[in-house]
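Below is one structure, written out as structure tokens; the observations come after it.
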Amino acid sequence: MEQAGLDVVFATVDNRSLDGFARRQLPTYNLGSTSAAVSAEQLSGNIYTVLSAAKECGASLIFIDSPTAALAEDEYFLRHARKRGLRVFAPAAEGTQLMGWVELLPAADGLAVPTAAPWESAAPAAADDDEGPTHWRRCHACKLFFDKEEIISEGFTCPACGTLQRIRSDERLALTVDAGSFEEWNAQMADSNPLDFPGYPEKIADQREKSGLEEAVRTGRATIAGLPVAIGVMESGFFMGSMGHVVGEKVAALIDRAIEERLPVVVFCASGGARMQEGLTSLMQMAKVSCAVERLGRAALPFITVLTDPTTGGVTASFAMQGDIILAEPGALIGFAGQRVIRDTIKQELPEGFQTAEFALEHGLIDAIVERSQLRSVLAQILALHAPSDPSRIVTYHSVMDALEVGAGAYGTVSVAPEARIVGERIRAEEAAAGFLRKVPVVGSLIGRGAGESTAEEADRRELDRYARREARRANVSADAAAGSAWESVQIARNVHRPTAKRYIDGIVEGFIELHGDRAFADDGAIMAGIGWIAGHPVTVIAQEKGATLADRVARNFGCPQPEGYRKSLRLMAQAQKFGRPILCLVDTQGAFCGTEAEERGQGNAIADNLVFMAGLRVPVVSVLLGEGGSGGALALAVSNRVAMQEHAVYSVLSPEGFASILWKDGKRAPEAAEVMKMNARAVFEGGIVDAVISEGEGPAHENPDEAVAAVRDYVREAYEELADLTPDELIAQRQGRFARF
């Protein structure tokens, strides 16, 4: 290149010299510094960085050191380089002496073409006027710039570090609401400067000019899949979404107008906290909006918040965490105190993943993490589940799924995930066949797959079998049982291949959305709870889930709930009552977890709170015992209007081993204890404890899970039909009268 008379500048990273040329002292240009967020490879492969270097050096030619380098195959880079009159070349082949070069052209200009003398003068390519100006956007994590079009094509994630990007309200609305449906409310409000803070009005004006935004939140009315909603979207690009008087006023006004128009409210949160320039007036917005949220709750209208990056400070400590349902985007920063403040205060390093959406989910603070591409679908389902009764338009799972196929707006159609349709389509197909007891293959079922089982599923089954044998040896109690005996029922109820609650939810509930956490301490996997449809009607489902594999059983504590599991149940019951949804409880537990930590966190208190709350629930409650019903841990989900057992389920004051050990000081007499306690379903029914015994089909449920699931589905539907005409007071009287008999 030097022999051809070119002035050559080598691009480097972190001022690292190119060893082969260091002796010759060729000029270099430093592209920037690497960090934990961005590597040298990502920095040198960044379009904006390289084009900026070329501009700074006054270059007209760019030579890439490898034909397989990222930039050599990057259509965005080639297009941008051509717009700027730059010609781009790569070696003709790997491993050569770099004497033969190929000019790289954008796809629109044809394939790359070989050039014998690339340094010969050529007229710079004119910019494509029809493409318009480039909009560069900086990733807040790695700090690299990217073409906005490229970020959109990557699903609004950073092409270098993969971080989900912060987006503006217009982009959020285009991704979420129906095209053309947004009607803005209170676009402008009078500014406030309660402290007469010097320069604050000028800062506001400067923010408006730079961002093109009016304030840190935008509010209005729209539809999602045809369902009306009052929606607010916070703007992290305006004063970092900080909450001052105008923000608080707009959110409160949004909620009050939603009450007037009987609309649900969805707010996308993104904030750095209170706006310090407004002092205590900013702090008062936390209380103002909280008062509005309370009014919304009194009106029995749903409040749904979506936490995006970042959601911190006063917004976190007020309306962001006051939603009936709280969703979050993956990786979002969520917390009250800033990490720097925490480090300076407690003088400790914070754990990895601290104050992320994943951290909040694990600690029970939010309901779910939803991928951005699925937020529209999930919000539509939630809105449909809370839609008011309207004879002119019956909103069902199927109707909202169909409506979602309509384009979302400027960024194209947000399709329904295939797995979201599986349950609804299977149930609808069974109904069309007019036979709920027909054996229909279940997608993804681990149980009862027979010859078609995959290698992984077979391995899971063998692992569960080994676990069951180990437990039997450890218990040192004979598993032999006479046909029809209570001990046989115990053995069947404990069968590790028996369908778990999740299998029944998959076969009964359409559009099930799992909701997590007790909003105080943790999410207990032993309790699976959420909302969905049964026979076209919204319901709340609360189930004790053991897990279908050994790893899942360990994660779910083998279906033995902790206090936070029962508090999650209580939270979902209160939510169901608020919105008038019937409740289905699926019981399958050896008992509540007994351990030091459970006692410390109030296991007895949590169960007691469930019992008294269920006693006064003003909505229909149906409970079905699927397997083991152990002691108060089971009863905590069985204070219901209708209680049924599957024919091989068991229900007892404690385990037969515990009964024999306490009363007879001999745990080996467990089979005898099972008979004494009359643990089989028929005896429990004859004692009036349960209202029905549900057939499992020709054999136990683990042999024919589809029949067992269909029978439970039939019972639940019939029970709800029987309870549908009872008033809230009658439901309470019937439920309390049921237990007063004993």
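Ligands are numbered from 1 in the order shown, chains are lettered A, B, ... in the order of the structure tokens, and residues start at 1 in each chain.
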Inset, instruction - Compile the contact shell of Arg218 (chain A) as a list of chain:residue names: residues with an atom at most 7 Å away, counting only C-alpha atoms, same-chain residues fewer than 4 positions apart removed. - result: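 The residues satisfying every condition are A:Ser169, A:Gly232, A:Val233, A:Met234.
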Please produce a file of those selected residues containing N, CA and C atoms, as a PDB file, in the first residue's frame.
ATOM      1  N   SER A 169     -41.550   6.206  23.746  1.00  0.00           N
ATOM      2  CA  SER A 169     -42.982   5.907  23.857  1.00  0.00           C
ATOM      3  C   SER A 169     -43.605   5.604  22.500  1.00  0.00           C
ATOM      4  N   GLY A 232     -50.154   4.315  29.898  1.00  0.00           N
ATOM      5  CA  GLY A 232     -49.120   5.304  30.146  1.00  0.00           C
ATOM      6  C   GLY A 232     -47.759   4.705  29.845  1.00  0.00           C
ATOM      7  N   VAL A 233     -46.898   5.503  29.218  1.00  0.00           N
ATOM      8  CA  VAL A 233     -45.554   5.031  28.874  1.00  0.00           C
ATOM      9  C   VAL A 233     -44.546   6.063  29.360  1.00  0.00           C
ATOM     10  N   MET A 234     -43.669   5.662  30.263  1.00  0.00           N
ATOM     11  CA  MET A 234     -42.650   6.581  30.768  1.00  0.00           C
ATOM     12  C   MET A 234     -41.487   6.658  29.795  1.00  0.00           C
TER      13      MET A 234
END
Legend entry - Spatial neighbours of Ala708 (chain A), 8 Å, only C-alpha atoms, chain gap at least 3 places, as a PyMOL selection string: chain A and resi 695-697+701+704-705+711-712
Inset, instruction - Going by DSSP on the backbone, which bits of region 471-633 of chain A are strand (DSSP E)? Write them as a ChimeraX atom specification, please. - result: /A:510-515,527-534,537-544,583-589,621-630
Inset, instruction - Could you please determine the separation between CA of Arg87 (chain A) and CA of Ser60 (chain A) in Å, to one decimal place? - result: 6.5 Å
Legend entry - Selection: 12 Å around Ala481 (chain A), only C-alpha atoms, excl. self and same-chain fewer than 3 positions, as a ChimeraX atom specification: /A:477-478,484-492,670-672,674-675
Inset, instruction - List the neighbours of Ala92 (chain A) out to 6 Å using only C-alpha atoms; skip same-chain residues closer than 2 positions along the sequence, and give me the result as number ranges by chain. - result: A: 100-102
Legend entry - Between CA of Ala332 (chain A) and CA of Ala551 (chain A) - distance in Å to one decimal: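 That distance, rounded to one decimal, is 27.8 Å.
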Legend entry - Residue contacts of region 357-369 of chain A (12 Å, only C-alpha atoms) excluding same-chain residues fewer than 4 positions away, as number ranges by chain: A: 304-312, 316-317, 320-336, 351-353, 373-375, 378-379, 513-525, 528-531, 564-565, 567-568, 571-572
